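A.B. asks: coords_18.pdb is the file, holding PDB, C-alpha atoms:
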ATOM      1  CA  MET B1251     -84.683   0.195-137.557
ATOM      2  CA  GLY B1252     -87.670  -0.336-139.817
ATOM      3  CA  LEU B1253     -87.867  -2.520-142.863
ATOM      4  CA  MET B1254     -86.148  -1.100-145.936
ATOM      5  CA  LYS B1255     -87.508  -1.655-149.411
ATOM      6  CA  CYS B1256     -85.870  -1.084-152.752
ATOM      7  CA  LYS B1257     -86.986   2.091-154.482
ATOM      8  CA  GLU B1258     -89.726   1.335-156.979
ATOM      9  CA  GLU B1259     -90.118   3.112-160.290
ATOM     10  CA  THR B1260     -93.567   3.376-161.882
ATOM     11  CA  GLY B1261     -94.115   4.158-165.540
ATOM     12  CA  VAL B1262     -96.161   3.526-168.640
ATOM     13  CA  ASP B1263     -95.036   0.963-171.210
ATOM     14  CA  ALA B1264     -95.268   1.364-174.992
ATOM     15  CA  TYR B1265     -98.817  -0.053-174.980
ATOM     16  CA  GLY B1266    -100.214   2.322-172.355
ATOM     17  CA  GLY B1267    -100.000  -0.180-169.475
ATOM     18  CA  TYR B1268     -98.558   0.660-166.083
ATOM     19  CA  TYR B1269     -95.571  -1.141-164.668
ATOM     20  CA  LYS B1270     -93.522  -1.107-161.500
ATOM     21  CA  ARG B1271     -89.831  -1.877-161.494
ATOM     22  CA  LYS B1272     -87.412  -1.987-158.597
ATOM     23  CA  GLN B1273     -84.463   0.314-159.146
ATOM     24  CA  GLN B1274     -81.116  -1.450-159.221
ATOM     25  CA  ARG B1275     -78.501  -0.332-156.699
ATOM     26  CA  THR B1276     -75.748   1.817-158.115
ATOM     27  CA  TYR B1277     -74.121   2.695-154.814
ATOM     28  CA  ASP B1278     -71.698   0.800-152.609
ATOM     29  CA  TYR B1279     -71.240   1.105-148.842
ATOM     30  CA  ASN B1280     -68.079  -0.987-148.609
ATOM     31  CA  ASN B1281     -65.707   1.762-149.685
ATOM     32  CA  LYS B1282     -63.657   2.216-146.485
ATOM     33  CA  THR B1283     -65.103   5.710-145.835
ATOM     34  CA  GLY B1284     -68.313   4.565-144.163
ATOM     35  CA  LYS B1285     -70.352   6.648-146.608
ATOM     36  CA  TRP B1286     -72.328   5.680-149.676
ATOM     37  CA  ALA B1287     -70.429   6.280-152.896
ATOM     38  CA  PRO B1288     -70.865   5.233-156.513
ATOM     39  CA  ALA B1289     -69.993   1.573-156.897
ATOM     40  CA  LYS B1290     -66.746   0.898-158.710
ATOM     41  CA  LYS B1291     -67.005  -1.538-161.584
ATOM     42  CA  GLY B1292     -64.583  -4.460-161.477
ATOM     43  CA  THR B1293     -62.199  -2.942-158.941
ATOM     44  CA  GLY B1294     -63.504  -4.555-155.761
ATOM     45  CA  ASP B1295     -61.975  -7.445-153.859
ATOM     46  CA  THR B1296     -63.437 -10.549-155.462
ATOM     47  CA  GLN B1297     -62.269 -13.097-152.887
ATOM     48  CA  GLU B1298     -65.468 -14.578-151.501
ATOM     49  CA  ILE B1299     -66.191 -15.034-147.828
ATOM     50  CA  LEU B1300     -66.433 -18.700-146.840
ATOM     51  CA  PHE B1301     -68.503 -20.268-144.071
ATOM     52  CA  GLY B1302     -66.468 -20.702-140.901
ATOM     53  CA  GLN B1303     -68.457 -23.108-138.738
ATOM     54  CA  ARG B1304     -69.161 -26.805-138.822
ATOM     55  CA  ARG B1305     -72.933 -26.186-138.823
ATOM     56  CA  ILE B1306     -75.555 -23.593-137.971
ATOM     57  CA  SER B1307     -79.044 -23.806-136.521
ATOM     58  CA  ASP B1308     -82.126 -22.742-138.486
ATOM     59  CA  THR B1309     -82.923 -19.727-136.281
ATOM     60  CA  PHE B1310     -81.240 -16.456-135.351
ATOM     61  CA  ARG B1311     -80.539 -16.585-131.625
ATOM     62  CA  ILE B1312     -82.456 -14.432-129.166
ATOM     63  CA  ASN B1313     -80.312 -12.045-127.075
ATOM     64  CA  SER B1314     -77.451 -12.404-129.542
ATOM     65  CA  GLY B1315     -77.236  -8.730-130.384
ATOM     66  CA  ALA B1316     -78.901  -9.348-133.760
ATOM     67  CA  PRO B1317     -81.249  -6.610-134.999
ATOM     68  CA  ASP B1318     -84.883  -6.858-133.850
ATOM     69  CA  TYR B1319     -86.128  -7.650-137.349
ATOM     70  CA  ILE B1320     -84.216 -10.971-137.408
ATOM     71  CA  GLU B1321     -83.736 -11.959-133.760
ATOM     72  CA  GLY B1322     -85.464 -15.278-133.033
ATOM     73  CA  ARG B1323     -86.619 -15.701-136.657
ATOM     74  CA  LYS B1324     -86.115 -18.731-138.914
ATOM     75  CA  LEU B1325     -83.382 -18.333-141.527
ATOM     76  CA  ALA B1326     -85.800 -19.372-144.301
ATOM     77  CA  ASP B1327     -88.288 -16.639-143.308
ATOM     78  CA  VAL B1328     -85.585 -13.946-143.323
ATOM     79  CA  ALA B1329     -84.323 -15.187-146.717
ATOM     80  CA  ALA B1330     -87.899 -14.953-148.056
ATOM     81  CA  ASP B1331     -88.081 -11.329-146.863
ATOM     82  CA  LEU B1332     -84.817 -10.620-148.680
ATOM     83  CA  LYS B1333     -86.149 -12.165-151.886
ATOM     84  CA  SER B1334     -89.400 -10.191-151.682
ATOM     85  CA  GLY B1335     -87.665  -6.864-151.011
ATOM     86  CA  ASN B1336     -89.092  -6.475-147.487
ATOM     87  CA  LEU B1337     -85.481  -6.598-146.270
ATOM     88  CA  HIS B1338     -82.433  -5.267-148.117
ATOM     89  CA  PRO B1339     -78.973  -6.913-148.228
ATOM     90  CA  ASP B1340     -77.431  -3.725-146.799
ATOM     91  CA  GLN B1341     -79.224  -4.498-143.524
ATOM     92  CA  PHE B1342     -76.995  -7.584-143.118
ATOM     93  CA  GLU B1343     -73.357  -6.931-142.260
ATOM     94  CA  VAL B1344     -71.182 -10.013-142.702
ATOM     95  CA  LYS B1345     -68.255  -9.958-140.299
ATOM     96  CA  TYR B1346     -65.246 -11.928-141.492
ATOM     97  CA  PHE B1347     -61.591 -12.491-140.693
ATOM     98  CA  ILE B1348     -58.552 -13.588-142.628
ATOM     99  CA  TYR B1349     -57.770 -17.191-141.710
ATOM    100  CA  PRO B1350     -54.047 -17.255-140.835
ATOM    101  CA  ASN B1351     -53.512 -20.803-142.148
ATOM    102  CA  SER B1352     -54.737 -20.056-145.679
ATOM    103  CA  GLY B1353     -55.274 -16.317-146.132
ATOM    104  CA  GLN B1354     -58.957 -16.971-146.964
ATOM    105  CA  LYS B1355     -61.806 -14.729-145.858
ATOM    106  CA  VAL B1356     -63.901 -16.642-143.320
ATOM    107  CA  ALA B1357     -67.285 -15.576-141.934
ATOM    108  CA  GLU B1358     -67.693 -14.932-138.250
ATOM    109  CA  SER B1359     -71.402 -14.187-138.831
ATOM    110  CA  ASN B1360     -72.321 -17.453-140.534
ATOM    111  CA  ARG B1361     -76.118 -17.198-140.193
ATOM    112  CA  THR B1362     -76.043 -13.758-141.798
ATOM    113  CA  LEU B1363     -73.997 -15.115-144.717
ATOM    114  CA  ALA B1364     -76.384 -18.075-144.890
ATOM    115  CA  VAL B1365     -79.591 -15.997-145.235
ATOM    116  CA  LEU B1366     -78.019 -13.885-147.957
ATOM    117  CA  SER B1367     -76.939 -17.078-149.743
ATOM    118  CA  MET B1368     -80.410 -18.626-149.329
ATOM    119  CA  ALA B1369     -81.832 -15.538-151.054
ATOM    120  CA  GLY B1370     -79.287 -15.938-153.878
ATOM    121  CA  LEU B1371     -77.409 -12.803-152.797
ATOM    122  CA  LYS B1372     -73.820 -11.951-151.976
ATOM    123  CA  PRO B1373     -72.915  -9.641-149.074
ATOM    124  CA  THR B1374     -73.057  -5.927-149.861
ATOM    125  CA  LYS B1375     -71.892  -4.833-146.425
ATOM    126  CA  THR B1376     -68.855  -6.509-144.847
ATOM    127  CA  LYS B1377     -66.507  -5.810-141.973
ATOM    128  CA  GLU B1378     -63.133  -7.370-141.333
ATOM    129  CA  ILE B1379     -62.573  -8.276-137.679
ATOM    130  CA  ILE B1380     -59.761  -9.694-135.611
ATOM    131  CA  PRO B1381     -60.949 -13.152-134.544
ATOM    132  CA  SER B1382     -60.919 -14.268-130.936
ATOM    133  CA  GLN B1383     -59.239 -17.547-130.063
ATOM    134  CA  ASP B1384     -62.706 -19.086-129.592
ATOM    135  CA  VAL B1385     -63.589 -18.203-133.196
ATOM    136  CA  LEU B1386     -60.307 -19.623-134.474
ATOM    137  CA  ASN B1387     -60.907 -22.794-132.442
ATOM    138  CA  LEU B1388     -64.093 -23.385-134.497
ATOM    139  CA  LEU B1389     -61.788 -24.115-137.448
ATOM    140  CA  ASP B1390     -59.329 -26.388-135.602
ATOM    141  CA  PRO B1391     -59.768 -29.833-137.218
ATOM    142  CA  SER B1392     -57.916 -31.553-134.363
ATOM    143  CA  LEU B1393     -60.786 -30.811-131.958
ATOM    144  CA  LEU B1394     -63.413 -33.571-131.789
ATOM    145  CA  GLU B1395     -66.331 -31.095-131.964
ATOM    146  CA  ASN B1396     -64.977 -29.839-135.301
ATOM    147  CA  LYS B1397     -65.030 -33.208-137.027
ATOM    148  CA  PRO B1398     -66.462 -32.602-140.528
ATOM    149  CA  ILE B1399     -70.106 -33.503-141.064
ATOM    150  CA  LYS B1400     -70.790 -36.040-143.817
ATOM    151  CA  HIS B1401     -74.122 -36.234-145.596
ATOM    152  CA  ARG B1402     -75.061 -38.331-148.637
ATOM    153  CA  GLY B1403     -71.463 -38.741-149.740
ATOM    154  CA  GLU B1404     -70.548 -35.071-149.288
ATOM    155  CA  THR B1405     -68.128 -33.884-146.597
ATOM    156  CA  PHE B1406     -68.534 -30.364-145.246
ATOM    157  CA  ASN B1407     -65.106 -28.990-144.346
ATOM    158  CA  MET B1408     -64.256 -25.650-142.773
ATOM    159  CA  PRO B1409     -63.830 -23.109-144.103
ATOM    160  CA  GLY B1410     -66.132 -24.015-146.943
ATOM    161  CA  ARG B1411     -68.602 -22.965-149.627
ATOM    162  CA  ALA B1412     -71.479 -24.885-148.008
ATOM    163  CA  ILE B1413     -72.771 -25.261-144.462
ATOM    164  CA  PRO B1414     -75.294 -27.716-142.997
ATOM    165  CA  VAL B1415     -78.299 -26.351-141.125
ATOM    166  CA  THR B1416     -79.019 -28.725-138.249
ATOM    167  CA  VAL B1417     -81.591 -29.073-135.489
ATOM    168  CA  GLY B1418     -79.017 -28.005-132.896
ATOM    169  CA  PRO B1419     -75.414 -28.400-131.763
ATOM    170  CA  ASN B1420     -76.160 -31.737-130.113
ATOM    171  CA  ASN B1421     -78.528 -33.003-132.813
ATOM    172  CA  LEU B1422     -76.788 -33.121-136.176
ATOM    173  CA  GLU B1423     -79.901 -34.060-138.143
ATOM    174  CA  ILE B1424     -79.495 -31.992-141.320
ATOM    175  CA  LEU B1425     -82.502 -29.837-142.185
ATOM    176  CA  ASP B1426     -80.908 -28.058-145.133
ATOM    177  CA  ILE B1427     -77.594 -27.344-146.836
ATOM    178  CA  VAL B1428     -76.825 -23.699-147.622
ATOM    179  CA  ARG B1429     -74.388 -23.010-150.453
ATOM    180  CA  LEU B1430     -72.757 -19.761-151.494
ATOM    181  CA  PRO B1431     -74.375 -18.348-154.659
TER
END
Translate the structure described by the file into structure tokens.

C.D. replies:
Amino acid sequence: MGLMKCKEETGVDAYGGYYKRKQQRTYDYNNKTGKWAPAKKGTGDTQEILFGQRRISDTFRINSGAPDYIEGRKLADVAADLKSGNLHPDQFEVKYFIYPNSGQKVAESNRTLAVLSMAGLKPTKTKEIIPSQDVLNLLDPSLLENKPIKHRGETFNMPGRAIPVTVGPNNLEILDIVRLP
């Protein structure tokens, strides 16, 4: 799949100067039919999807099944492409599940949610999944590896509105904190 850009509109302003403007989306994919349809105003599910891991690394994994245009790339670089329009939010499906303990929507694809958040965007394409026991175990606070991370007086609990970006699973040095927009 190639890079998608927003449609640009070119025109002449009142003073005879040229301008380019990116057309705003008026269509919505998340309409249960799998086809693009006019977006409904104010009728969508407003419950936000929360982060569902203790931490994430700063890179999309290689051989993870991620699309070629993000596999192995730094989250910050992908977020920059989203901001510039070289990538479009519809290219990033956020998989989530309903957490049985609270009824909250929780991301299974945390890095995808993170890059959208880093670009100041909310998911436009989502998919509810049935979580495996391994995914549910990531939220079990009784497991030692799920102990909340604390940083500068802030505790990052799961599920949550913020997620630390660390060097790796065994090195919890915090490189960044990503927060939902």

A.B. asks: Would you compute the distance between atom CA of Lys1375 of chain B and atom CA of Thr1416 of chain B? Give it in Å to one decimal.

C.D. replies: 26.2 Å

A.B. asks: Nearest to His1338 of chain B among B:Ile1312, B:Leu1393, B:Leu1371, B:Leu1363, with distances taken over all atoms listed in the file: which residue is it?

C.D. replies: B:Leu1371

A.B. asks: One decimal, in Å: what's the spacing between atom CA of Asn1351 of chain B and atom CA of Arg1304 of chain B?

C.D. replies: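 According to the coordinates, atom CA of Asn1351 of chain B and atom CA of Arg1304 of chain B are separated by 17.1 Å.
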
A.B. asks: Decode the PyMOL selection byres ((chain B and resi 1327) around 12) for the given file into explicit residues and return them as a PyMOL selection string.

C.D. replies: chain B and resi 1308-1310+1319-1326+1328-1334+1336-1337+1365-1366+1368-1369

A.B. asks: Can you tell me how far atom CA of Glu1298 of chain B sits from atom CA of Glu1404 of chain B, in Å to one decimal?

C.D. replies: 21.2 Å

A.B. asks: Find the residue from B:Asp1340, B:Glu1378, B:Glu1395, B:Glu1423 that sits nearest to Glu1358 of chain B; use all atoms listed in the file when measuring.

C.D. replies: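 Of B:Asp1340, B:Glu1378, B:Glu1395, B:Glu1423, the one nearest Glu1358 of chain B is B:Glu1378, counting all atoms listed in the file.
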
A.B. asks: Residues within 9 Å of (-76.8, -22.0, -155.7), file coordinates, counting all atoms listed in the file: what are they? Give the list as a PyMOL selection string.

C.D. replies: chain B and resi 1367-1368+1370+1428-1431

A.B. asks: Check the smallest atom-to-atom distance from each of B:Ala1316, B:Ile1299, B:Leu1422, B:Val1415 to Phe1347 of chain B using all atoms listed in the file, then report the winner.

C.D. replies: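 Result for the nearest residue to Phe1347 of chain B: B:Ile1299.
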
A.B. asks: Counting all atoms listed in the file, figure out which residue out of B:Gln1383, B:Asn1420, B:Asn1313, B:Gln1303 gets nearest to Pro1350 of chain B.

C.D. replies: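 Answer, going by the shortest atom-to-atom distance: B:Gln1383.
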
A.B. asks: Pull out every residue that the PyMOL selection byres ((chain B and resi 1359) around 9) matches in the shown coordinates and put them as a list in words.

C.D. replies: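 That expression, the PyMOL selection byres ((chain B and resi 1359) around 9), corresponds here to Phe1301, Gly1302, Glu1343, Val1344, Lys1345, Tyr1346, Ala1357, Glu1358, Asn1360, Arg1361, Thr1362, Leu1363 and Ala1364 of chain B.
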
A.B. asks: Out of B:Val1356, B:Lys1377, B:Arg1305, B:Lys1372, which residue has the shortest atom-to-atom distance to Phe1406 of chain B when counting all atoms listed in the file?

C.D. replies: B:Arg1305

A.B. asks: Under the rule that all atoms listed in the file are counted, which of B:Phe1342, B:Leu1388, B:Ile1427, B:Ser1314 is the nearest residue to Thr1405 of chain B?

C.D. replies: B:Ile1427
